[in-house]
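Trainee: Before we start, here is the structure in question, set down as C-alpha cells.
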Amino acid sequence: MRLPQLFKIMGFLTFVAVIYIHLQMEIIELAYHGKSKEKRIHKLIEENGNVTYSILMAKSAKHLGIKMLAEDSNMQFADPQNVVSIITDDEAIIEKPKEVIKQKSKENPLLSLLSFGSSAEATTVTRDR
C-alpha cells in the first residue's frame, strides 16, 4: 500500500467514527431530555390530582355548609319563599308502550353481549299512593 492511499483510508475511517460518536452523543442527550420531560409530566399529573381534589373539596356539601355557617359569610340558606314546587298530573308522565320495550330487547343478542348494541334507557315508574 502506498502512504497517500493509507492516509485517505485512515481519514475516511476517522471521519465515519467521529460521525458515529456524534450520533451516539445526540441519542444520549435526547434520552436525558426525554427523561426530564417524563419527570415533569409525572409532577404535573400529581399537581393536577391535588388541584382536582382541592376543587372537589371546595364544591363539597360539607365545605359549603361550613362556609355558609361562618360568621363573616355573605352566603345564606334558601328561604322557603324562594323554593318553587312543580306539581304534575299523572297524565303528564309519558310511559313507553310495552311493545316498544319488547322490540328493543329483541335486538341482536350478540351485539348486546359485546356492548355494541343500543344503550339502556331509563324508564319512569309511577306508583299510586
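In the C-alpha cells, each chain is lettered A, B, ... as it comes, each chain's residues begin at 1, and ligands are numbered from 1 in order of appearance.
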With DSSP run on the backbone, what are the helix (DSSP H, G or I) residues within segment 45-77 of chain A? I'd like them as JSON, numbers by chain.

Mentor: {"A": [45, 46, 47, 48, 49, 50, 51, 52, 53, 54, 55, 56, 57, 58, 59, 61, 62, 63, 64, 65, 66, 67, 68, 69]}

Trainee: Deliver the residues from the most recent selection as a file, using C-alpha atoms, as a PDB file, in the first residue's frame.

Mentor:
ATOM      1  CA  ILE A  45     -50.083  14.824  36.829  1.00  0.00           C
ATOM      2  CA  GLU A  46     -49.595  14.754  40.595  1.00  0.00           C
ATOM      3  CA  GLU A  47     -50.259  18.507  40.846  1.00  0.00           C
ATOM      4  CA  ASN A  48     -53.360  18.050  38.669  1.00  0.00           C
ATOM      5  CA  GLY A  49     -54.649  15.383  41.051  1.00  0.00           C
ATOM      6  CA  ASN A  50     -54.042  17.651  44.048  1.00  0.00           C
ATOM      7  CA  VAL A  51     -55.811  20.579  42.370  1.00  0.00           C
ATOM      8  CA  THR A  52     -58.733  18.361  41.335  1.00  0.00           C
ATOM      9  CA  TYR A  53     -59.050  17.131  44.924  1.00  0.00           C
ATOM     10  CA  SER A  54     -58.998  20.714  46.203  1.00  0.00           C
ATOM     11  CA  ILE A  55     -61.685  21.746  43.726  1.00  0.00           C
ATOM     12  CA  LEU A  56     -63.894  18.797  44.651  1.00  0.00           C
ATOM     13  CA  MET A  57     -63.427  19.557  48.342  1.00  0.00           C
ATOM     14  CA  ALA A  58     -64.395  23.194  47.727  1.00  0.00           C
ATOM     15  CA  LYS A  59     -67.562  22.026  45.945  1.00  0.00           C
ATOM     16  CA  ALA A  61     -71.617  19.973  50.697  1.00  0.00           C
ATOM     17  CA  LYS A  62     -69.660  19.872  53.945  1.00  0.00           C
ATOM     18  CA  HIS A  63     -67.321  22.649  52.829  1.00  0.00           C
ATOM     19  CA  LEU A  64     -70.202  24.786  51.562  1.00  0.00           C
ATOM     20  CA  GLY A  65     -72.078  24.260  54.835  1.00  0.00           C
ATOM     21  CA  ILE A  66     -69.063  25.355  56.853  1.00  0.00           C
ATOM     22  CA  LYS A  67     -68.681  28.436  54.651  1.00  0.00           C
ATOM     23  CA  MET A  68     -72.378  29.289  54.969  1.00  0.00           C
ATOM     24  CA  LEU A  69     -72.358  28.967  58.742  1.00  0.00           C
TER      25      LEU A  69
END

Trainee: State, in Å with one decimal place, the distance from atom CA of Ile28 of chain A to atom CA of Phe12 of chain A.

Mentor: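 Atom CA of Phe12 of chain A lies 24.6 Å from atom CA of Ile28 of chain A.
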